[in-house]
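Colleague: Structure file run.txt (compact mmCIF, C-alpha atoms) is given on the next line.
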# COMPACT_ATOMS: atom_id res chain seq x y z
CA MET A 1 -21.61 0.54 -21.05
CA GLY A 2 -19.17 -0.78 -18.47
CA VAL A 3 -15.99 0.89 -19.73
CA HIS A 4 -15.19 2.48 -16.37
CA GLN A 5 -15.77 -0.83 -14.59
CA ARG A 6 -13.46 -2.70 -16.97
CA ILE A 7 -10.71 -0.13 -16.56
CA ASP A 8 -11.08 -0.35 -12.77
CA ARG A 9 -10.84 -4.15 -12.91
CA VAL A 10 -7.63 -4.17 -14.94
CA ALA A 11 -6.04 -1.32 -12.96
CA ARG A 12 -6.82 -3.16 -9.71
CA ARG A 13 -5.05 -6.27 -11.01
CA HIS A 14 -2.04 -4.25 -12.11
CA ILE A 15 -1.59 -2.46 -8.81
CA ALA A 16 -2.17 -5.54 -6.63
CA ARG A 17 1.48 -6.63 -6.56
CA HIS A 18 2.59 -3.16 -5.48
CA VAL A 19 0.23 -2.64 -2.52
CA PRO A 20 2.38 -2.58 0.63
CA THR A 21 1.73 -5.08 3.39
CA GLY A 22 -0.67 -3.59 5.89
CA VAL A 23 -2.53 -1.39 3.41
CA ASN A 24 -6.13 -2.56 3.09
CA PHE A 25 -6.61 -1.49 -0.51
CA PRO A 26 -10.22 -1.85 -1.75
CA LEU A 27 -11.12 -4.87 -3.87
CA HIS A 28 -12.44 -4.41 -7.41
CA ARG A 29 -15.98 -5.40 -6.45
CA ASP A 30 -16.07 -2.68 -3.79
CA ILE A 31 -14.57 -0.03 -6.05
CA VAL A 32 -17.08 -0.61 -8.86
CA HIS A 33 -19.94 -0.45 -6.33
CA PHE A 34 -19.39 3.32 -6.58
CA GLU A 35 -19.76 3.37 -10.36
CA GLY A 36 -22.97 3.52 -12.40
CA LYS A 37 -25.88 4.84 -10.37
CA ASN A 38 -23.55 5.37 -7.37
CA GLY A 39 -20.93 7.13 -9.46
CA PRO A 40 -20.44 10.57 -11.03
CA ASP A 41 -22.74 9.72 -13.96
CA GLY A 42 -25.50 8.86 -11.48
CA ILE A 43 -25.28 12.37 -10.03
CA LYS A 44 -25.74 13.81 -13.53
CA ARG A 45 -29.01 11.94 -13.92
CA LYS A 46 -30.34 12.64 -10.44
CA SER A 47 -29.50 16.33 -10.05
CA PRO A 48 -28.37 18.11 -13.22
CA ALA A 49 -25.93 21.00 -12.59
CA GLN A 50 -26.18 20.51 -8.80
CA ASP A 51 -22.85 19.26 -7.42
CA GLU A 52 -22.35 17.62 -10.82
CA PRO A 53 -18.73 16.59 -11.48
CA TRP A 54 -17.39 18.31 -14.60
CA HIS A 55 -14.73 16.04 -16.07
CA TYR A 56 -13.55 18.16 -18.99
CA ILE A 57 -10.08 19.60 -19.53
CA ASN A 58 -8.43 21.61 -22.28
CA PRO A 59 -4.96 20.07 -22.85
CA THR A 60 -3.68 23.28 -24.44
CA ASP A 61 -4.79 25.63 -21.62
CA LYS A 62 -2.36 25.68 -18.69
CA ASN A 63 -4.94 27.55 -16.62
CA ASP A 64 -7.59 24.84 -16.97
CA VAL A 65 -6.83 23.07 -13.69
CA ALA A 66 -10.29 22.38 -12.24
CA LEU A 67 -10.14 18.67 -13.08
CA LEU A 68 -6.60 18.41 -11.75
CA GLY A 69 -7.75 19.90 -8.47
CA MET A 70 -10.64 17.45 -8.33
CA ILE A 71 -8.28 14.49 -8.82
CA ASP A 72 -5.89 15.90 -6.19
CA ASP A 73 -8.79 16.02 -3.73
CA HIS A 74 -9.67 12.38 -4.43
CA ILE A 75 -6.02 11.38 -3.90
CA GLU A 76 -5.85 13.19 -0.57
CA ASN A 77 -9.22 11.86 0.60
CA MET A 78 -8.27 8.31 -0.37
CA ALA A 79 -4.91 8.66 1.38
CA GLN A 80 -6.65 9.75 4.57
CA ALA A 81 -9.16 6.90 4.30
CA LEU A 82 -6.36 4.34 3.84
CA HIS A 83 -4.47 5.86 6.78
CA GLU A 84 -7.54 5.67 9.02
CA GLY A 85 -8.59 2.23 7.80
CA ASN A 86 -11.86 3.61 6.43
CA TYR A 87 -12.32 0.90 3.81
CA HIS A 88 -15.60 2.04 2.25
CA ARG A 89 -14.46 5.65 1.95
CA ALA A 90 -11.26 4.45 0.27
CA ALA A 91 -13.32 2.41 -2.22
CA PHE A 92 -15.52 5.43 -2.96
CA GLU A 93 -12.54 7.74 -3.53
CA ALA A 94 -10.80 5.11 -5.70
CA ALA A 95 -13.87 4.80 -7.94
CA TRP A 96 -14.54 8.51 -8.31
CA MET A 97 -10.83 9.27 -8.82
CA SER A 98 -10.61 6.63 -11.53
CA HIS A 99 -13.73 8.00 -13.22
CA ALA A 100 -12.30 11.54 -13.26
CA ILE A 101 -8.93 10.34 -14.60
CA THR A 102 -10.55 8.19 -17.29
CA ASP A 103 -12.87 10.97 -18.44
CA GLY A 104 -10.03 13.48 -18.38
CA LEU A 105 -7.95 11.33 -20.73
CA THR A 106 -10.83 10.53 -23.09
CA PRO A 107 -10.53 12.72 -26.22
CA ALA A 108 -14.25 13.55 -26.22
CA HIS A 109 -13.71 15.31 -22.89
CA HIS A 110 -11.13 17.65 -24.40
CA TYR A 111 -13.79 19.45 -26.43
CA PRO A 112 -14.60 22.89 -24.88
CA LEU A 113 -18.16 21.87 -24.06
CA GLU A 114 -18.79 24.42 -21.32
CA ALA A 115 -17.85 27.36 -23.56
CA LYS A 116 -19.95 25.96 -26.41
CA LEU A 117 -22.97 25.46 -24.14
CA GLU A 118 -22.69 28.98 -22.75
CA GLU A 119 -22.52 30.33 -26.29
CA MET A 120 -25.59 28.38 -27.40
CA ARG A 121 -27.60 29.00 -24.22
CA GLY A 122 -26.61 32.61 -23.71
CA GLU A 123 -26.05 31.87 -20.02
CA GLY A 124 -23.93 29.73 -17.69
CA ILE A 125 -24.44 25.97 -17.47
CA GLU A 126 -25.23 26.27 -13.75
CA THR A 127 -28.75 27.38 -14.77
CA ARG A 128 -29.56 23.85 -16.00
CA VAL A 129 -31.31 22.80 -12.79
CA SER A 130 -33.69 20.22 -14.27
CA THR A 131 -33.45 17.33 -16.69
CA LYS A 132 -35.53 19.25 -19.23
CA GLU A 133 -33.27 22.31 -19.04
CA LYS A 134 -30.26 20.05 -19.49
CA LEU A 135 -31.68 18.27 -22.53
CA VAL A 136 -33.50 21.13 -24.28
CA LEU A 137 -31.53 24.23 -25.19
CA PRO A 138 -33.27 27.63 -25.11
CA GLY A 139 -33.29 30.22 -27.89
CA THR A 140 -34.18 33.88 -28.21
CA THR A 141 -36.67 32.97 -30.96
CA PRO A 142 -38.41 29.70 -31.93
CA ARG A 143 -36.13 29.47 -34.97
CA MET A 144 -33.01 29.94 -32.86
CA LYS A 145 -34.23 27.36 -30.36
CA ILE A 146 -34.61 24.78 -33.15
CA LYS A 147 -31.17 25.66 -34.51
CA ASN A 148 -29.49 25.39 -31.12
CA ASN A 149 -31.03 22.00 -30.42
CA TRP A 150 -30.10 20.69 -33.88
CA ASP A 151 -26.52 21.91 -33.42
CA TYR A 152 -26.47 20.08 -30.09
CA TRP A 153 -28.49 16.90 -30.71
CA GLY A 154 -28.74 16.63 -34.50
CA ALA A 155 -26.53 14.71 -36.90
CA LYS A 156 -22.93 15.64 -36.08
CA GLY A 157 -24.21 17.83 -33.25
CA VAL A 158 -21.99 18.61 -30.26
CA MET A 159 -23.46 16.04 -27.88
CA THR A 160 -24.33 13.50 -30.56
CA THR A 161 -20.68 13.44 -31.64
CA HIS A 162 -19.58 13.10 -28.00
CA PHE A 163 -21.89 10.15 -27.38
CA ASN A 164 -20.95 8.45 -30.64
CA PHE A 165 -17.24 8.70 -29.91
CA GLU A 166 -17.70 7.13 -26.49
CA LEU A 167 -19.92 4.47 -28.07
CA GLY A 168 -17.08 3.68 -30.47
CA VAL A 169 -14.69 3.27 -27.54
CA ALA A 170 -17.15 1.07 -25.64
CA THR A 171 -17.86 -1.11 -28.67
CA THR A 172 -14.16 -1.52 -29.41
CA LEU A 173 -13.38 -2.57 -25.84
CA SER A 174 -16.34 -4.94 -25.52
CA GLY A 175 -14.43 -7.79 -27.14
CA ALA A 176 -10.88 -6.68 -26.33
CA THR A 177 -8.49 -8.32 -23.89
CA LEU A 178 -7.00 -5.58 -21.74
CA ASP A 179 -4.73 -7.60 -19.46
CA GLY A 180 -2.07 -8.07 -22.13
CA ILE A 181 -1.14 -4.39 -22.26
CA HIS A 182 1.68 -2.70 -20.31
CA LYS A 183 1.31 -3.35 -16.60
CA PHE A 184 2.00 -0.75 -13.95
CA ASP A 185 5.55 -1.53 -12.81
CA GLN A 186 8.46 -0.33 -10.68
CA HIS A 187 9.53 2.14 -13.36
CA ASP A 188 6.09 3.80 -13.15
CA ILE A 189 6.36 3.93 -9.36
CA ASP A 190 9.83 5.49 -9.48
CA GLU A 191 8.63 8.10 -11.97
CA LEU A 192 5.55 8.86 -9.86
CA THR A 193 7.67 9.23 -6.71
CA ARG A 194 10.09 11.54 -8.48
CA ARG A 195 7.67 13.73 -10.44
CA GLY A 196 4.32 13.55 -8.62
CA PHE A 197 0.92 12.65 -10.04
CA ARG A 198 0.13 15.93 -11.80
CA GLU A 199 3.22 15.85 -13.97
CA VAL A 200 2.64 12.21 -14.89
CA PHE A 201 -1.02 12.88 -15.72
CA LEU A 202 -0.26 15.97 -17.79
CA GLU A 203 2.38 14.11 -19.79
CA ILE A 204 -0.14 11.38 -20.61
CA LEU A 205 -2.80 14.00 -21.37
CA HIS A 206 -0.55 15.70 -23.92
CA GLU A 207 0.36 12.35 -25.48
CA VAL A 208 -3.35 11.61 -25.95
CA ASP A 209 -4.01 15.10 -27.32
CA ALA A 210 -1.20 14.70 -29.87
CA MET A 211 -2.99 11.63 -31.27
CA ALA A 212 -5.85 13.92 -32.42
CA MET A 213 -8.37 11.08 -32.17
CA TYR A 214 -11.42 13.32 -31.73
CA ASP A 215 -10.46 15.42 -34.75
CA GLU A 216 -10.20 12.25 -36.83
CA PHE A 217 -13.56 11.05 -35.54
CA GLN A 218 -15.28 14.33 -36.41
CA LYS A 219 -13.98 14.08 -39.98
CA LYS A 220 -14.24 10.34 -40.70
CA GLY A 221 -16.40 8.75 -38.02
CA TRP A 222 -15.28 5.65 -36.12
CA THR A 223 -12.51 4.00 -38.14
CA ARG A 224 -10.40 0.87 -37.84
CA HIS A 225 -7.44 3.13 -37.10
CA LEU A 226 -9.27 4.71 -34.16
CA ALA A 227 -10.24 1.28 -32.84
CA GLN A 228 -6.61 0.14 -32.96
CA GLU A 229 -5.40 3.34 -31.31
CA THR A 230 -7.99 2.92 -28.57
CA LYS A 231 -6.81 -0.60 -27.71
CA ARG A 232 -3.07 -0.13 -28.20
CA GLU A 233 -2.47 3.47 -27.16
CA LEU A 234 -5.37 5.19 -25.39
CA VAL A 235 -6.59 2.59 -22.91
CA PRO A 236 -3.09 1.52 -21.77
CA ARG A 237 -2.35 5.15 -20.96
CA ILE A 238 -5.62 5.54 -19.06
CA ILE A 239 -4.97 2.40 -16.99
CA ARG A 240 -1.45 3.57 -16.21
CA ALA A 241 -2.83 6.93 -15.03
CA VAL A 242 -5.48 5.29 -12.83
CA CYS A 243 -2.82 3.09 -11.22
CA ALA A 244 -0.66 6.18 -10.70
CA GLY A 245 -3.48 8.04 -8.96
CA TRP A 246 -4.24 5.11 -6.68
CA TYR A 247 -0.58 4.56 -5.86
CA MET A 248 -0.11 8.26 -5.11
CA ALA A 249 -2.81 7.86 -2.47
CA ILE A 250 -0.90 4.90 -1.02
CA LEU A 251 2.32 6.95 -0.86
CA HIS A 252 0.54 9.82 0.90
CA ALA A 253 -1.11 7.40 3.34
CA GLU A 254 2.27 5.91 4.23
CA GLU A 255 3.65 9.40 4.89
CA ARG A 256 1.01 9.83 7.59
CA SER A 257 1.84 6.57 9.37
Step by step, read the file and then write its structure as structure tokens.
Modeller:
Amino acid sequence: MGVHQRIDRVARRHIARHVPTGVNFPLHRDIVHFEGKNGPDGIKRKSPAQDEPWHYINPTDKNDVALLGMIDDHIENMAQALHEGNYHRAAFEAAWMSHAITDGLTPAHHYPLEAKLEEMRGEGIETRVSTKEKLVLPGTTPRMKIKNNWDYWGAKGVMTTHFNFELGVATTLSGATLDGIHKFDQHDIDELTRRGFREVFLEILHEVDAMAMYDEFQKKGWTRHLAQETKRELVPRIIRAVCAGWYMAILHAEERS
């Protein structure tokens, strides 16, 4: 519903003033080219469970670092592309990095979906090699199959709740002005230089987790309070994190010059 594209647009505006002379940083139009069907969500539709990015993270588990490693890879790849002047590769890495950061800071992506799926399926999620296997859960008996699919797709089911939360975010942002929020500034750059991206990201992640937005949504549905938190607290933090990831790539590129 265009949320990733809007976040990319605002983050690109915020970072523009901080791009050093001589760095050919991708324009917004070229970054968002690698969203939608050319982005991580496009891979999910084309080849379920095959090289599919898994943008979930448990904020309370220090050992859950797969997403952090994925973002680190995008930062390094983008830094190398900027260093080499590979404009299109830099745009690709910027888009996919932003998507991973945004998903990772979205409360719906803090739910332990992989563990829940493995429990319901009785096997690892890597076995979902077709669209049908991804959409229809198995069961040891016909009754269990119906139960599993209701628990997943039914009212207040695992995936239904996930989709509805993200729909609430998208609907809230559809008429919101995002440029008036905190802009990435020199203080953010100094903090990023001093602490590194991971520490900055994890601090933001724990701030988002402390807001308990997904817990509130599961109990009350989409509320005015959640809409206000999304605009005033959640999205500004996500944009700040995206800018931090992009700027980290710039810093690493300059180190190689």
Colleague: Which is closest to Lys156 (chain A) among A:Leu251, A:Ile75, A:Lys220, A:Met213, if we use only C-alpha atoms?
Modeller: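 Of A:Leu251, A:Ile75, A:Lys220, A:Met213, the one nearest Lys156 (chain A) is A:Lys220, counting only C-alpha atoms.
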Colleague: Go through A:His83, A:Lys183, A:His33, A:His4 one by one, measure the shortest atom-to-atom distance of each to Ile101 (chain A) using only C-alpha atoms, and give the residue with the smallest value.
Modeller: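 Checking each of A:His83, A:Lys183, A:His33, A:His4 against Ile101 (chain A), counting only C-alpha atoms, the winner is A:His4.
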Colleague: Nearest residue to Val65 (chain A) out of A:Ala155, A:Val235, A:Ala94, A:Leu202, using only C-alpha atoms?
Modeller: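 Closest residue, counting only C-alpha atoms: A:Leu202.
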Colleague: With only C-alpha atoms as the counted atoms, please give the residues lying no more than 10 Å from Phe92 (chain A), apart from itself and same-chain residues fewer than 5 positions off, as a list in words.
Modeller: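 My list of contacting residues is Pro26, Asp30, Ile31, Val32, His33, Phe34, Glu35, Asn38, Gly39, His74, Asn77, Met78, Ala81, Tyr87, Met97 and Ser98 of chain A.
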Colleague: What is the distance between CA of Arg256 (chain A) and CA of Leu82 (chain A), in Å to one decimal?
Modeller: 9.9 Å
Colleague: In Å to one decimal, how far is CA of Asp209 (chain A) from CA of Met120 (chain A)?
Modeller: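 Distance reported for this atom pair: 25.3 Å.
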